[in-house]
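The file model_36.cif contains mmCIF, N, CA and C atoms:
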data_query
loop_
_atom_site.label_atom_id
_atom_site.label_comp_id
_atom_site.auth_asym_id
_atom_site.auth_seq_id
_atom_site.Cartn_x
_atom_site.Cartn_y
_atom_site.Cartn_z
N MET A 86 0.82 -1.19 0.00
CA MET A 86 0.00 0.00 0.00
C MET A 86 0.86 1.26 0.00
N GLN A 87 2.05 1.17 0.58
CA GLN A 87 2.97 2.31 0.61
C GLN A 87 3.38 2.72 -0.80
N ASP A 88 3.50 1.74 -1.73
CA ASP A 88 3.87 2.04 -3.11
C ASP A 88 2.85 2.96 -3.77
N ILE A 89 1.58 2.73 -3.51
CA ILE A 89 0.54 3.59 -4.08
C ILE A 89 0.67 5.01 -3.52
N GLY A 90 0.96 5.11 -2.25
CA GLY A 90 1.18 6.43 -1.65
C GLY A 90 2.35 7.14 -2.29
N ASN A 91 3.42 6.39 -2.61
CA ASN A 91 4.58 6.99 -3.27
C ASN A 91 4.22 7.49 -4.67
N ILE A 92 3.38 6.74 -5.37
CA ILE A 92 2.95 7.17 -6.70
C ILE A 92 2.16 8.46 -6.60
N LEU A 93 1.29 8.55 -5.60
CA LEU A 93 0.47 9.75 -5.43
C LEU A 93 1.29 10.95 -4.97
N ASP A 94 2.50 10.71 -4.46
CA ASP A 94 3.39 11.79 -4.08
C ASP A 94 4.24 12.30 -5.25
N ASN A 95 4.13 11.64 -6.39
CA ASN A 95 4.92 12.01 -7.57
C ASN A 95 4.30 13.26 -8.20
N ARG A 96 4.85 14.40 -7.89
CA ARG A 96 4.32 15.68 -8.35
C ARG A 96 4.32 15.79 -9.87
N VAL A 97 5.37 15.31 -10.52
CA VAL A 97 5.46 15.39 -11.98
C VAL A 97 4.31 14.61 -12.62
N LEU A 98 4.07 13.41 -12.12
CA LEU A 98 2.99 12.58 -12.65
C LEU A 98 1.62 13.23 -12.40
N LEU A 99 1.42 13.75 -11.21
CA LEU A 99 0.13 14.37 -10.88
C LEU A 99 -0.15 15.60 -11.75
N VAL A 100 0.86 16.43 -11.99
CA VAL A 100 0.67 17.62 -12.83
C VAL A 100 0.36 17.19 -14.26
N ALA A 101 1.04 16.16 -14.76
CA ALA A 101 0.76 15.66 -16.11
C ALA A 101 -0.67 15.13 -16.21
N LEU A 102 -1.11 14.41 -15.19
CA LEU A 102 -2.48 13.89 -15.18
C LEU A 102 -3.50 15.02 -15.11
N VAL A 103 -3.21 16.05 -14.33
CA VAL A 103 -4.10 17.21 -14.26
C VAL A 103 -4.19 17.88 -15.63
N ALA A 104 -3.06 18.02 -16.32
CA ALA A 104 -3.06 18.62 -17.66
C ALA A 104 -3.93 17.81 -18.61
N CYS A 105 -3.84 16.49 -18.53
CA CYS A 105 -4.65 15.61 -19.37
C CYS A 105 -6.14 15.78 -19.05
N LEU A 106 -6.47 15.81 -17.77
CA LEU A 106 -7.87 15.96 -17.36
C LEU A 106 -8.43 17.32 -17.75
N VAL A 107 -7.64 18.37 -17.61
CA VAL A 107 -8.09 19.71 -18.01
C VAL A 107 -8.36 19.74 -19.51
N ALA A 108 -7.49 19.12 -20.29
CA ALA A 108 -7.69 19.06 -21.75
C ALA A 108 -8.99 18.32 -22.08
N GLN A 109 -9.26 17.22 -21.39
CA GLN A 109 -10.48 16.47 -21.65
C GLN A 109 -11.72 17.30 -21.30
N VAL A 110 -11.67 18.03 -20.19
CA VAL A 110 -12.80 18.87 -19.81
C VAL A 110 -12.98 20.01 -20.82
N LEU A 111 -11.87 20.56 -21.30
CA LEU A 111 -11.96 21.61 -22.32
C LEU A 111 -12.58 21.09 -23.61
N LYS A 112 -12.34 19.81 -23.93
CA LYS A 112 -12.99 19.21 -25.10
C LYS A 112 -14.51 19.26 -24.93
N LEU A 113 -14.98 19.01 -23.72
CA LEU A 113 -16.41 19.06 -23.45
C LEU A 113 -16.93 20.48 -23.65
N VAL A 114 -16.19 21.46 -23.16
CA VAL A 114 -16.59 22.86 -23.31
C VAL A 114 -16.63 23.24 -24.79
N VAL A 115 -15.61 22.86 -25.54
CA VAL A 115 -15.57 23.15 -26.98
C VAL A 115 -16.76 22.50 -27.68
N GLU A 116 -17.06 21.27 -27.30
CA GLU A 116 -18.20 20.55 -27.90
C GLU A 116 -19.52 21.27 -27.61
N VAL A 117 -19.71 21.75 -26.39
CA VAL A 117 -20.94 22.46 -26.03
C VAL A 117 -21.05 23.77 -26.81
N VAL A 118 -19.95 24.51 -26.91
CA VAL A 118 -19.96 25.78 -27.63
C VAL A 118 -20.20 25.55 -29.13
N LYS A 119 -19.55 24.54 -29.66
CA LYS A 119 -19.62 24.28 -31.10
C LYS A 119 -20.98 23.72 -31.54
N HIS A 120 -21.53 22.76 -30.77
CA HIS A 120 -22.75 22.08 -31.19
C HIS A 120 -23.97 22.44 -30.33
N ARG A 121 -23.76 23.25 -29.30
CA ARG A 121 -24.84 23.70 -28.42
C ARG A 121 -25.59 22.54 -27.76
N LYS A 122 -24.87 21.46 -27.49
CA LYS A 122 -25.46 20.35 -26.74
C LYS A 122 -24.36 19.64 -25.96
N LEU A 123 -24.76 19.05 -24.84
CA LEU A 123 -23.82 18.37 -23.96
C LEU A 123 -23.62 16.93 -24.45
N ASN A 124 -22.40 16.60 -24.78
CA ASN A 124 -22.05 15.25 -25.22
C ASN A 124 -20.88 14.77 -24.36
N VAL A 125 -21.19 14.10 -23.24
CA VAL A 125 -20.16 13.69 -22.29
C VAL A 125 -19.25 12.59 -22.85
N ARG A 126 -19.62 11.99 -23.98
CA ARG A 126 -18.77 10.97 -24.59
C ARG A 126 -17.42 11.53 -25.02
N VAL A 127 -17.35 12.84 -25.27
CA VAL A 127 -16.07 13.43 -25.69
C VAL A 127 -15.03 13.33 -24.57
N LEU A 128 -15.49 13.11 -23.34
CA LEU A 128 -14.55 12.98 -22.22
C LEU A 128 -13.69 11.72 -22.31
N VAL A 129 -14.16 10.73 -23.05
CA VAL A 129 -13.44 9.45 -23.13
C VAL A 129 -13.10 9.04 -24.55
N THR A 130 -13.21 9.96 -25.50
CA THR A 130 -12.89 9.62 -26.89
C THR A 130 -11.59 10.29 -27.31
N THR A 131 -11.02 9.77 -28.39
CA THR A 131 -9.80 10.35 -28.94
C THR A 131 -10.17 11.46 -29.91
N GLY A 132 -9.20 12.29 -30.22
CA GLY A 132 -9.42 13.38 -31.15
C GLY A 132 -10.06 14.57 -30.48
N GLY A 133 -10.18 15.65 -31.21
CA GLY A 133 -10.83 16.84 -30.69
C GLY A 133 -9.86 17.88 -30.18
N MET A 134 -10.42 19.03 -29.84
CA MET A 134 -9.65 20.20 -29.39
C MET A 134 -9.80 20.37 -27.89
N PRO A 135 -8.72 20.50 -27.16
CA PRO A 135 -7.31 20.33 -27.52
C PRO A 135 -6.88 18.87 -27.36
N SER A 136 -5.69 18.56 -27.82
CA SER A 136 -5.16 17.20 -27.69
C SER A 136 -4.75 16.94 -26.24
N ALA A 137 -5.45 16.01 -25.60
CA ALA A 137 -5.11 15.64 -24.22
C ALA A 137 -3.79 14.89 -24.17
N HIS A 138 -3.51 14.09 -25.21
CA HIS A 138 -2.23 13.39 -25.27
C HIS A 138 -1.07 14.39 -25.27
N SER A 139 -1.21 15.44 -26.08
CA SER A 139 -0.15 16.45 -26.16
C SER A 139 0.01 17.19 -24.84
N ALA A 140 -1.11 17.53 -24.21
CA ALA A 140 -1.05 18.21 -22.91
C ALA A 140 -0.35 17.33 -21.88
N PHE A 141 -0.70 16.06 -21.89
CA PHE A 141 -0.13 15.10 -20.93
C PHE A 141 1.38 14.97 -21.09
N VAL A 142 1.84 14.67 -22.31
CA VAL A 142 3.27 14.40 -22.49
C VAL A 142 4.11 15.67 -22.42
N THR A 143 3.53 16.82 -22.77
CA THR A 143 4.27 18.07 -22.67
C THR A 143 4.45 18.47 -21.20
N ALA A 144 3.39 18.34 -20.42
CA ALA A 144 3.50 18.63 -18.98
C ALA A 144 4.48 17.65 -18.32
N LEU A 145 4.44 16.40 -18.75
CA LEU A 145 5.36 15.40 -18.21
C LEU A 145 6.81 15.77 -18.52
N ALA A 146 7.09 16.10 -19.77
CA ALA A 146 8.46 16.46 -20.15
C ALA A 146 8.93 17.72 -19.42
N ALA A 147 8.05 18.70 -19.30
CA ALA A 147 8.42 19.93 -18.59
C ALA A 147 8.70 19.64 -17.11
N GLY A 148 7.89 18.78 -16.51
CA GLY A 148 8.10 18.42 -15.11
C GLY A 148 9.40 17.67 -14.90
N VAL A 149 9.71 16.77 -15.81
CA VAL A 149 10.98 16.03 -15.72
C VAL A 149 12.15 16.99 -15.88
N GLY A 150 12.04 17.91 -16.84
CA GLY A 150 13.11 18.89 -17.03
C GLY A 150 13.33 19.76 -15.81
N GLN A 151 12.24 20.22 -15.21
CA GLN A 151 12.35 21.07 -14.02
C GLN A 151 12.90 20.30 -12.83
N SER A 152 12.48 19.04 -12.68
CA SER A 152 12.88 18.25 -11.51
C SER A 152 14.30 17.71 -11.62
N LEU A 153 14.66 17.20 -12.79
CA LEU A 153 15.95 16.51 -12.93
C LEU A 153 16.98 17.29 -13.73
N GLY A 154 16.56 18.40 -14.30
CA GLY A 154 17.48 19.22 -15.07
C GLY A 154 17.19 19.16 -16.55
N TRP A 155 17.32 20.32 -17.19
CA TRP A 155 17.01 20.43 -18.61
C TRP A 155 18.03 19.72 -19.49
N SER A 156 19.18 19.41 -18.94
CA SER A 156 20.20 18.69 -19.73
C SER A 156 20.29 17.22 -19.33
N SER A 157 19.36 16.75 -18.52
CA SER A 157 19.41 15.36 -18.05
C SER A 157 18.95 14.39 -19.15
N PRO A 158 19.47 13.16 -19.09
CA PRO A 158 19.01 12.14 -20.04
C PRO A 158 17.52 11.85 -19.89
N GLU A 159 16.99 11.98 -18.68
CA GLU A 159 15.56 11.73 -18.46
C GLU A 159 14.69 12.78 -19.18
N PHE A 160 15.15 14.04 -19.18
CA PHE A 160 14.41 15.07 -19.91
C PHE A 160 14.47 14.79 -21.41
N ALA A 161 15.63 14.39 -21.89
CA ALA A 161 15.76 14.04 -23.31
C ALA A 161 14.80 12.91 -23.68
N LEU A 162 14.75 11.89 -22.82
CA LEU A 162 13.85 10.76 -23.06
C LEU A 162 12.38 11.21 -23.07
N ALA A 163 12.00 12.02 -22.09
CA ALA A 163 10.62 12.50 -22.01
C ALA A 163 10.27 13.38 -23.21
N THR A 164 11.22 14.16 -23.69
CA THR A 164 10.99 15.03 -24.84
C THR A 164 10.81 14.22 -26.12
N VAL A 165 11.67 13.22 -26.31
CA VAL A 165 11.55 12.35 -27.49
C VAL A 165 10.21 11.61 -27.44
N PHE A 166 9.85 11.12 -26.27
CA PHE A 166 8.56 10.45 -26.09
C PHE A 166 7.41 11.39 -26.46
N ALA A 167 7.48 12.65 -26.00
CA ALA A 167 6.43 13.63 -26.30
C ALA A 167 6.34 13.91 -27.79
N ILE A 168 7.48 14.04 -28.45
CA ILE A 168 7.49 14.30 -29.90
C ILE A 168 6.87 13.14 -30.65
N ILE A 169 7.20 11.91 -30.26
CA ILE A 169 6.63 10.73 -30.92
C ILE A 169 5.11 10.68 -30.73
N VAL A 170 4.65 10.92 -29.52
CA VAL A 170 3.21 10.89 -29.24
C VAL A 170 2.49 11.97 -30.05
N MET A 171 3.04 13.17 -30.08
CA MET A 171 2.39 14.26 -30.81
C MET A 171 2.43 14.03 -32.32
N TYR A 172 3.52 13.50 -32.82
CA TYR A 172 3.61 13.18 -34.24
C TYR A 172 2.58 12.11 -34.60
N ASP A 173 2.46 11.11 -33.75
CA ASP A 173 1.48 10.05 -33.99
C ASP A 173 0.06 10.62 -33.98
N ALA A 174 -0.23 11.49 -33.04
CA ALA A 174 -1.58 12.06 -32.93
C ALA A 174 -1.95 12.87 -34.16
N ALA A 175 -1.01 13.65 -34.67
CA ALA A 175 -1.31 14.52 -35.80
C ALA A 175 -1.00 13.87 -37.14
N GLY A 176 -0.24 12.81 -37.14
CA GLY A 176 0.15 12.17 -38.39
C GLY A 176 -0.55 10.87 -38.64
N VAL A 177 -0.09 9.85 -37.97
CA VAL A 177 -0.56 8.48 -38.23
C VAL A 177 -2.04 8.34 -37.90
N ARG A 178 -2.47 8.76 -36.70
CA ARG A 178 -3.87 8.58 -36.32
C ARG A 178 -4.79 9.50 -37.13
N GLN A 179 -4.30 10.68 -37.52
CA GLN A 179 -5.10 11.56 -38.37
C GLN A 179 -5.31 10.91 -39.73
N ALA A 180 -4.27 10.31 -40.28
CA ALA A 180 -4.38 9.62 -41.58
C ALA A 180 -5.32 8.43 -41.47
N ALA A 181 -5.26 7.69 -40.38
CA ALA A 181 -6.16 6.54 -40.18
C ALA A 181 -7.61 7.01 -40.12
N GLY A 182 -7.85 8.15 -39.51
CA GLY A 182 -9.20 8.71 -39.45
C GLY A 182 -9.72 9.09 -40.83
N LYS A 183 -8.84 9.67 -41.67
CA LYS A 183 -9.23 10.01 -43.04
C LYS A 183 -9.55 8.75 -43.83
N GLN A 184 -8.75 7.71 -43.64
CA GLN A 184 -9.03 6.44 -44.32
C GLN A 184 -10.36 5.85 -43.87
N ALA A 185 -10.64 5.93 -42.58
CA ALA A 185 -11.91 5.42 -42.06
C ALA A 185 -13.08 6.18 -42.67
N ARG A 186 -12.95 7.49 -42.82
CA ARG A 186 -14.01 8.30 -43.42
C ARG A 186 -14.27 7.85 -44.86
N ILE A 187 -13.21 7.62 -45.62
CA ILE A 187 -13.35 7.19 -47.01
C ILE A 187 -13.97 5.79 -47.08
N LEU A 188 -13.52 4.88 -46.22
CA LEU A 188 -14.10 3.53 -46.21
C LEU A 188 -15.57 3.55 -45.83
N ASN A 189 -15.94 4.37 -44.86
CA ASN A 189 -17.35 4.49 -44.48
C ASN A 189 -18.19 5.01 -45.65
N GLN A 190 -17.64 5.98 -46.37
CA GLN A 190 -18.34 6.53 -47.53
C GLN A 190 -18.49 5.46 -48.61
N MET A 191 -17.45 4.67 -48.83
CA MET A 191 -17.52 3.59 -49.83
C MET A 191 -18.58 2.56 -49.45
N ILE A 192 -18.63 2.19 -48.19
CA ILE A 192 -19.64 1.23 -47.71
C ILE A 192 -21.04 1.80 -47.92
N ASP A 193 -21.21 3.09 -47.58
CA ASP A 193 -22.52 3.73 -47.77
C ASP A 193 -22.94 3.70 -49.24
N GLU A 194 -22.01 4.01 -50.13
CA GLU A 194 -22.34 4.06 -51.56
C GLU A 194 -22.54 2.67 -52.16
N LEU A 195 -21.74 1.71 -51.76
CA LEU A 195 -21.82 0.37 -52.34
C LEU A 195 -23.01 -0.43 -51.84
N PHE A 196 -23.38 -0.22 -50.59
CA PHE A 196 -24.40 -1.06 -50.00
C PHE A 196 -25.67 -0.30 -49.61
N HIS A 197 -25.89 0.87 -50.18
CA HIS A 197 -27.07 1.65 -49.81
C HIS A 197 -28.37 0.97 -50.25
N GLU A 198 -28.29 0.10 -51.22
CA GLU A 198 -29.49 -0.61 -51.68
C GLU A 198 -29.69 -1.95 -50.98
N LYS A 199 -28.80 -2.30 -50.08
CA LYS A 199 -28.89 -3.58 -49.37
C LYS A 199 -29.02 -3.32 -47.88
N PRO A 200 -30.23 -3.09 -47.40
CA PRO A 200 -30.41 -2.77 -45.97
C PRO A 200 -30.05 -3.93 -45.05
N ASP A 201 -29.97 -5.15 -45.59
CA ASP A 201 -29.62 -6.30 -44.75
C ASP A 201 -28.12 -6.32 -44.43
N PHE A 202 -27.35 -5.52 -45.17
CA PHE A 202 -25.92 -5.43 -44.89
C PHE A 202 -25.72 -4.43 -43.75
N SER A 203 -25.41 -4.96 -42.60
CA SER A 203 -25.26 -4.08 -41.44
C SER A 203 -23.84 -4.15 -40.91
N GLN A 204 -23.00 -3.38 -41.52
CA GLN A 204 -21.59 -3.32 -41.14
C GLN A 204 -21.38 -2.17 -40.17
N ASP A 205 -20.67 -2.40 -39.10
CA ASP A 205 -20.36 -1.33 -38.17
C ASP A 205 -19.48 -0.30 -38.87
N ARG A 206 -19.75 0.95 -38.58
CA ARG A 206 -18.95 2.02 -39.18
C ARG A 206 -17.63 2.14 -38.43
N LEU A 207 -16.62 2.53 -39.16
CA LEU A 207 -15.30 2.74 -38.57
C LEU A 207 -15.27 4.08 -37.87
N LYS A 208 -14.51 4.16 -36.80
CA LYS A 208 -14.37 5.42 -36.05
C LYS A 208 -13.51 6.37 -36.87
N GLU A 209 -14.04 7.55 -37.14
CA GLU A 209 -13.36 8.50 -38.02
C GLU A 209 -12.51 9.52 -37.27
N LEU A 210 -12.90 9.86 -36.06
CA LEU A 210 -12.15 10.87 -35.30
C LEU A 210 -11.13 10.15 -34.42
N LEU A 211 -9.97 9.86 -35.01
CA LEU A 211 -8.92 9.13 -34.29
C LEU A 211 -7.79 10.06 -33.86
N GLY A 212 -7.44 10.96 -34.72
CA GLY A 212 -6.27 11.79 -34.47
C GLY A 212 -6.62 13.25 -34.28
N HIS A 213 -5.60 14.07 -34.41
CA HIS A 213 -5.74 15.51 -34.20
C HIS A 213 -5.18 16.26 -35.38
N THR A 214 -5.67 17.47 -35.56
CA THR A 214 -5.05 18.38 -36.51
C THR A 214 -3.79 18.93 -35.84
N PRO A 215 -2.86 19.46 -36.63
CA PRO A 215 -1.68 20.07 -36.01
C PRO A 215 -2.03 21.18 -35.02
N VAL A 216 -3.07 21.95 -35.29
CA VAL A 216 -3.47 23.03 -34.37
C VAL A 216 -3.92 22.45 -33.04
N GLN A 217 -4.68 21.35 -33.06
CA GLN A 217 -5.15 20.72 -31.82
C GLN A 217 -3.96 20.21 -31.01
N VAL A 218 -2.94 19.69 -31.69
CA VAL A 218 -1.73 19.20 -31.01
C VAL A 218 -0.96 20.37 -30.39
N ILE A 219 -0.83 21.44 -31.14
CA ILE A 219 -0.10 22.62 -30.63
C ILE A 219 -0.83 23.22 -29.43
N VAL A 220 -2.15 23.35 -29.52
CA VAL A 220 -2.93 23.89 -28.40
C VAL A 220 -2.80 22.98 -27.18
N GLY A 221 -2.85 21.67 -27.39
CA GLY A 221 -2.66 20.73 -26.29
C GLY A 221 -1.29 20.89 -25.64
N SER A 222 -0.28 21.08 -26.48
CA SER A 222 1.09 21.27 -25.98
C SER A 222 1.21 22.55 -25.15
N VAL A 223 0.65 23.62 -25.68
CA VAL A 223 0.68 24.89 -24.94
C VAL A 223 -0.07 24.74 -23.63
N LEU A 224 -1.19 24.04 -23.65
CA LEU A 224 -1.95 23.79 -22.42
C LEU A 224 -1.11 23.01 -21.42
N GLY A 225 -0.42 21.98 -21.87
CA GLY A 225 0.43 21.18 -20.97
C GLY A 225 1.51 22.01 -20.31
N ILE A 226 2.17 22.84 -21.12
CA ILE A 226 3.22 23.71 -20.57
C ILE A 226 2.62 24.72 -19.60
N THR A 227 1.46 25.26 -19.93
CA THR A 227 0.79 26.24 -19.06
C THR A 227 0.40 25.62 -17.72
N ILE A 228 -0.17 24.41 -17.77
CA ILE A 228 -0.56 23.72 -16.52
C ILE A 228 0.68 23.45 -15.68
N TYR A 229 1.74 22.97 -16.31
CA TYR A 229 3.00 22.73 -15.58
C TYR A 229 3.48 24.04 -14.94
N TRP A 230 3.48 25.11 -15.72
CA TRP A 230 3.99 26.40 -15.24
C TRP A 230 3.15 26.89 -14.07
N LEU A 231 1.82 26.77 -14.18
CA LEU A 231 0.94 27.20 -13.08
C LEU A 231 1.14 26.35 -11.84
N ALA A 232 1.38 25.04 -12.04
CA ALA A 232 1.56 24.13 -10.91
C ALA A 232 2.84 24.45 -10.14
N ARG A 233 3.82 25.01 -10.80
CA ARG A 233 5.06 25.40 -10.10
C ARG A 233 4.77 26.35 -8.96
N PHE A 234 3.79 27.22 -9.15
CA PHE A 234 3.46 28.22 -8.13
C PHE A 234 2.54 27.68 -7.06
N ALA A 235 1.92 26.54 -7.34
CA ALA A 235 0.98 25.96 -6.37
C ALA A 235 1.71 25.17 -5.28
N TYR A 236 2.94 24.80 -5.54
CA TYR A 236 3.68 24.00 -4.55
C TYR A 236 4.72 24.81 -3.85
#

This structure in structure tokens:
Amino acid sequence: MQDIGNILDNRVLLVALVACLVAQVLKLVVEVVKHRKLNVRVLVTTGGMPSAHSAFVTALAAGVGQSLGWSSPEFALATVFAIIVMYDAAGVRQAAGKQARILNQMIDELFHEKPDFSQDRLKELLGHTPVQVIVGSVLGITIYWLARFAY
């Protein structure tokens, strides 16, 4: 049980988790403003504004840099990890979402006359636009920066 207490004492991890949660809540706010209806599913889905993944890994990297030093190997590792996650969010997963959209459209066009064909649709909102990733990153750094003054 002491190990769990040690995890909860990890300030860097807690700030990164807070950044992720704030990003997810902001997605809900953006959804309400954009569509004028409450859709709580956005709290647990991928994609959308801002990128929670970017906020999480950016706050994590900033926390590691502040705690262990900006020239430490751990900061370098956290930064490379953050770059890979953000590249994946805006690149690979965004491309997969575009492919899903095209495949869904093909299924709709090919099988619109066959109502007995009931194929599940592919999830189209998988990744982020570069702007969503950048906003998530700025949010992560901002949360980290604000948390410095809270402790």

Original post:
Restricting the calculation to all atoms listed in the file, which member of A:Met171, A:Ile228, A:Leu99, A:Leu113 is positioned closest to Val125 of chain A?
Top reply: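 Counting all atoms listed in the file, the residue closest to Val125 of chain A is A:Leu113.
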
**OP:** In Å, rounded to a single decimal, give me how far atom CA of Pro158 of chain A is from atom CA of Val223 of chain A.
**Re:**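 Separating atom CA of Val223 of chain A from atom CA of Pro158 of chain A is a distance of 22.9 Å.
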
**OP:** DSSP on the backbone, then: every residue of segment 119-204 of chain A marked helix (DSSP H, G or I), written as a ChimeraX atom specification.
**Re:** /A:119-120,125-129,137-153,158-195

**OP:** Using the chain letters and numbering of this document, enumerate as a list of chain:residue names the residues selected by the PyMOL selection byres (((chain A and resi 101 and name CA) around 7) and name CA).
**Re:**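 Against this file, the PyMOL selection byres (((chain A and resi 101 and name CA) around 7) and name CA) returns the residues A:Val97, A:Leu98, A:Leu99, A:Val100, A:Leu102, A:Val103, A:Ala104, A:Cys105, A:Phe141, A:Val142, A:Ala144, A:Leu145.
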
Subject >> Top pick for closest residue to Ser222 of chain A, considering A:Ser156, A:Thr130, A:Asn95, A:Ser136 and counting only N, CA and C atoms >> reply: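 Among the listed residues, A:Ser136 lies closest to Ser222 of chain A.
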